[in-house]
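Working notes, beginning with the structure itself.
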Amino acid sequence: MNKDFNELSGCFAYSLAGHDKGETYIIIECNGEYAFLANGKNRTINNPKKKKLKHLQINKHKNELILEQMYGLDGGDAKGRLSDEVIRKTLCKYSEDKEDA
């Protein structure tokens, strides 16, 4: 897997095309030209959306809580424990912050 694609995991992504146009997601994983996205509601960690990278606007900002739970960066045993609830809360806060700006 390309190093650049690994760096996108945990980033916010905005859908530019398709029936989900305008929807905000978190990138769970990238594989080639595709990203696997979750929003914690209809697209969960166990059932992510597969979307081409060219159809996404990617914000390189990463949320610390998401990274801690994805990779265990807090030094604890949280690795691989990213939950849909955390994704929903993070996206909600991200949307509120975006509206305030």
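How things are named: the first chain in the structure tokens is A, the next is B, and so on; residues count from 1 in each chain; ligands count from 1 in the order shown.
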
Close residues, Arg43 in chain A itself excluded, 12 Å, only C-alpha atoms, min 2 positions apart in chain, as a PyMOL selection string: chain A and resi 20+23-28+36-41+45-51+83-85+87-88

8 Å contact set for range 8-11 of chain A, only C-alpha atoms, chain neighbours under 3 positions out, as JSON, numbers by chain: {"A": [4, 5, 26, 27, 28, 29, 30, 58, 59, 60, 61, 62, 63, 66, 67, 70]}

For all heavy atoms, I'd like the residues from the last selection saved as a tab-separated table (two decimals), in the first residue's frame.
chain	number	residue	atom	x	y	z
A	4	ASP	N	1.36	7.43	0.90
A	4	ASP	CA	0.47	8.58	0.83
A	4	ASP	C	-0.97	8.21	1.19
A	4	ASP	O	-1.67	8.97	1.80
A	4	ASP	CB	0.49	9.19	-0.58
A	4	ASP	CG	1.84	9.80	-0.90
A	4	ASP	OD1	2.55	10.21	0.04
A	4	ASP	OD2	2.17	9.86	-2.09
A	5	PHE	N	-1.38	7.01	0.80
A	5	PHE	CA	-2.73	6.58	1.10
A	5	PHE	C	-2.90	6.30	2.59
A	5	PHE	O	-3.94	6.57	3.16
A	5	PHE	CB	-3.11	5.35	0.28
A	5	PHE	CG	-3.18	5.65	-1.19
A	5	PHE	CD1	-2.62	4.79	-2.10
A	5	PHE	CD2	-3.81	6.78	-1.66
A	5	PHE	CE1	-2.69	5.05	-3.47
A	5	PHE	CE2	-3.89	7.06	-3.01
A	5	PHE	CZ	-3.32	6.19	-3.92
A	26	ILE	N	-15.36	10.15	7.48
A	26	ILE	CA	-13.99	9.99	7.94
A	26	ILE	C	-13.40	8.83	7.15
A	26	ILE	O	-14.05	7.79	6.98
A	26	ILE	CB	-13.91	9.72	9.45
A	26	ILE	CG1	-14.33	10.99	10.18
A	26	ILE	CG2	-12.53	9.25	9.86
A	26	ILE	CD1	-14.14	11.01	11.64
A	27	ILE	N	-12.19	9.02	6.65
A	27	ILE	CA	-11.53	7.96	5.88
A	27	ILE	C	-11.01	6.91	6.87
A	27	ILE	O	-10.21	7.22	7.74
A	27	ILE	CB	-10.38	8.53	5.03
A	27	ILE	CG1	-10.93	9.55	4.02
A	27	ILE	CG2	-9.63	7.40	4.33
A	27	ILE	CD1	-9.87	10.24	3.21
A	28	ILE	N	-11.48	5.69	6.69
A	28	ILE	CA	-11.07	4.59	7.54
A	28	ILE	C	-9.81	3.92	6.97
A	28	ILE	O	-8.92	3.53	7.69
A	28	ILE	CB	-12.20	3.53	7.67
A	28	ILE	CG1	-13.46	4.18	8.23
A	28	ILE	CG2	-11.77	2.35	8.51
A	28	ILE	CD1	-13.30	4.81	9.59
A	29	GLU	N	-9.77	3.82	5.64
A	29	GLU	CA	-8.67	3.13	4.97
A	29	GLU	C	-8.64	3.55	3.51
A	29	GLU	O	-9.66	3.94	2.95
A	29	GLU	CB	-8.90	1.63	5.07
A	29	GLU	CG	-7.85	0.77	4.47
A	29	GLU	CD	-8.20	-0.71	4.55
A	29	GLU	OE1	-9.09	-1.09	5.32
A	29	GLU	OE2	-7.57	-1.46	3.79
A	30	CYS	N	-7.47	3.48	2.90
A	30	CYS	CA	-7.34	3.72	1.46
A	30	CYS	C	-6.66	2.53	0.83
A	30	CYS	O	-5.79	1.91	1.42
A	30	CYS	CB	-6.51	4.97	1.19
A	30	CYS	SG	-7.42	6.48	1.42
A	58	ILE	N	-10.66	16.12	0.24
A	58	ILE	CA	-10.07	15.63	1.48
A	58	ILE	C	-9.49	16.79	2.28
A	58	ILE	O	-8.73	17.60	1.76
A	58	ILE	CB	-8.99	14.58	1.18
A	58	ILE	CG1	-9.63	13.39	0.47
A	58	ILE	CG2	-8.29	14.14	2.46
A	58	ILE	CD1	-8.67	12.40	-0.08
A	59	ASN	N	-9.88	16.84	3.54
A	59	ASN	CA	-9.34	17.82	4.49
A	59	ASN	C	-8.28	17.07	5.28
A	59	ASN	O	-8.58	16.10	5.97
A	59	ASN	CB	-10.45	18.32	5.41
A	59	ASN	CG	-9.97	19.34	6.40
A	59	ASN	OD1	-8.79	19.46	6.68
A	59	ASN	ND2	-10.90	20.09	6.94
A	60	LYS	N	-7.03	17.52	5.21
A	60	LYS	CA	-5.92	16.83	5.86
A	60	LYS	C	-5.95	16.93	7.38
A	60	LYS	O	-5.16	16.32	8.06
A	60	LYS	CB	-4.58	17.36	5.34
A	60	LYS	CG	-4.37	17.16	3.87
A	60	LYS	CD	-3.97	15.75	3.55
A	60	LYS	CE	-3.73	15.64	2.06
A	60	LYS	NZ	-2.87	14.58	1.70
A	61	HIS	N	-6.91	17.70	7.92
A	61	HIS	CA	-7.05	17.81	9.37
A	61	HIS	C	-7.47	16.45	9.93
A	61	HIS	O	-8.35	15.80	9.40
A	61	HIS	CB	-8.10	18.86	9.73
A	61	HIS	CG	-8.44	18.89	11.18
A	61	HIS	ND1	-7.61	19.44	12.11
A	61	HIS	CD2	-9.51	18.41	11.85
A	61	HIS	CE1	-8.17	19.31	13.31
A	61	HIS	NE2	-9.32	18.69	13.16
A	62	LYS	N	-6.80	16.03	11.00
A	62	LYS	CA	-7.14	14.77	11.64
A	62	LYS	C	-7.54	15.03	13.08
A	62	LYS	O	-6.96	15.87	13.75
A	62	LYS	CB	-5.96	13.80	11.60
A	62	LYS	CG	-5.57	13.40	10.20
A	62	LYS	CD	-4.45	12.40	10.20
A	62	LYS	CE	-4.06	12.03	8.79
A	62	LYS	NZ	-3.08	10.96	8.74
A	63	ASN	N	-8.52	14.31	13.55
A	63	ASN	CA	-8.99	14.43	14.92
A	63	ASN	C	-8.16	13.51	15.81
A	63	ASN	O	-7.97	12.34	15.50
A	63	ASN	CB	-10.47	14.07	14.97
A	63	ASN	CG	-11.03	14.20	16.35
A	63	ASN	OD1	-10.87	13.30	17.17
A	63	ASN	ND2	-11.69	15.31	16.61
A	66	ILE	N	-9.92	10.26	17.09
A	66	ILE	CA	-10.02	9.26	16.02
A	66	ILE	C	-8.69	8.53	15.86
A	66	ILE	O	-8.63	7.30	15.80
A	66	ILE	CB	-10.45	9.90	14.69
A	66	ILE	CG1	-11.84	10.51	14.79
A	66	ILE	CG2	-10.36	8.91	13.53
A	66	ILE	CD1	-12.98	9.54	14.84
A	67	LEU	N	-7.59	9.28	15.80
A	67	LEU	CA	-6.28	8.67	15.63
A	67	LEU	C	-5.91	7.78	16.81
A	67	LEU	O	-5.36	6.69	16.64
A	67	LEU	CB	-5.21	9.75	15.43
A	67	LEU	CG	-5.30	10.53	14.13
A	67	LEU	CD1	-4.24	11.62	14.12
A	67	LEU	CD2	-5.13	9.62	12.94
A	70	MET	N	-7.93	4.63	16.40
A	70	MET	CA	-7.55	3.84	15.22
A	70	MET	C	-6.20	3.16	15.41
A	70	MET	O	-6.01	2.01	15.02
A	70	MET	CB	-7.48	4.72	13.97
A	70	MET	CG	-8.81	5.05	13.37
A	70	MET	SD	-8.68	6.13	11.93
A	70	MET	CE	-8.32	4.95	10.64

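Nearest to Glu7 in chain A of all the residues A:Asn42, A:Thr90, A:Asn31, A:Ser95 is A:Asn31, based on only C-alpha atoms.
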
Picked from chain A by DSSP as strand (DSSP E or B), as a PyMOL selection string: chain A and resi 11-15+24-31+34-38+49-52+56-62

Just-selected residues, C-alpha atoms written as a PDB file, in the first residue's frame:
ATOM      1  CA  CYS A  11      -8.872  12.509   7.614  1.00  0.00           C
ATOM      2  CA  PHE A  12     -12.220  14.169   6.972  1.00  0.00           C
ATOM      3  CA  ALA A  13     -13.601  13.754   3.437  1.00  0.00           C
ATOM      4  CA  TYR A  14     -16.427  15.576   1.666  1.00  0.00           C
ATOM      5  CA  SER A  15     -18.262  13.788  -1.150  1.00  0.00           C
ATOM      6  CA  THR A  24     -18.996  14.314   5.224  1.00  0.00           C
ATOM      7  CA  TYR A  25     -17.131  11.138   6.186  1.00  0.00           C
ATOM      8  CA  ILE A  26     -13.986   9.991   7.939  1.00  0.00           C
ATOM      9  CA  ILE A  27     -11.527   7.962   5.884  1.00  0.00           C
ATOM     10  CA  ILE A  28     -11.065   4.587   7.543  1.00  0.00           C
ATOM     11  CA  GLU A  29      -8.670   3.135   4.967  1.00  0.00           C
ATOM     12  CA  CYS A  30      -7.342   3.721   1.461  1.00  0.00           C
ATOM     13  CA  ASN A  31      -6.535   1.095  -1.115  1.00  0.00           C
ATOM     14  CA  TYR A  34     -10.369   4.034  -3.499  1.00  0.00           C
ATOM     15  CA  ALA A  35     -11.131   5.242   0.013  1.00  0.00           C
ATOM     16  CA  PHE A  36     -13.274   3.411   2.534  1.00  0.00           C
ATOM     17  CA  LEU A  37     -15.455   5.909   4.386  1.00  0.00           C
ATOM     18  CA  ALA A  38     -17.611   5.859   7.503  1.00  0.00           C
ATOM     19  CA  LYS A  49     -18.574   3.184   1.687  1.00  0.00           C
ATOM     20  CA  LYS A  50     -16.080   2.536  -1.110  1.00  0.00           C
ATOM     21  CA  LYS A  51     -15.524   5.703  -3.133  1.00  0.00           C
ATOM     22  CA  LYS A  52     -12.916   6.864  -5.633  1.00  0.00           C
ATOM     23  CA  LEU A  56     -13.686  13.359  -2.625  1.00  0.00           C
ATOM     24  CA  GLN A  57     -12.485  16.656  -1.251  1.00  0.00           C
ATOM     25  CA  ILE A  58     -10.068  15.632   1.482  1.00  0.00           C
ATOM     26  CA  ASN A  59      -9.340  17.815   4.487  1.00  0.00           C
ATOM     27  CA  LYS A  60      -5.922  16.826   5.858  1.00  0.00           C
ATOM     28  CA  HIS A  61      -7.048  17.806   9.371  1.00  0.00           C
ATOM     29  CA  LYS A  62      -7.141  14.765  11.638  1.00  0.00           C
TER      30      LYS A  62
END

Which of range 11-89 of chain A DSSP labels alpha helix (DSSP H), written as a PyMOL selection string: chain A and resi 64-71+84-89

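Closest approach to Leu53 in chain A among A:Leu16, A:Gln69, A:Val86, A:Gly22 is made by A:Leu16 (distances from only C-alpha atoms).
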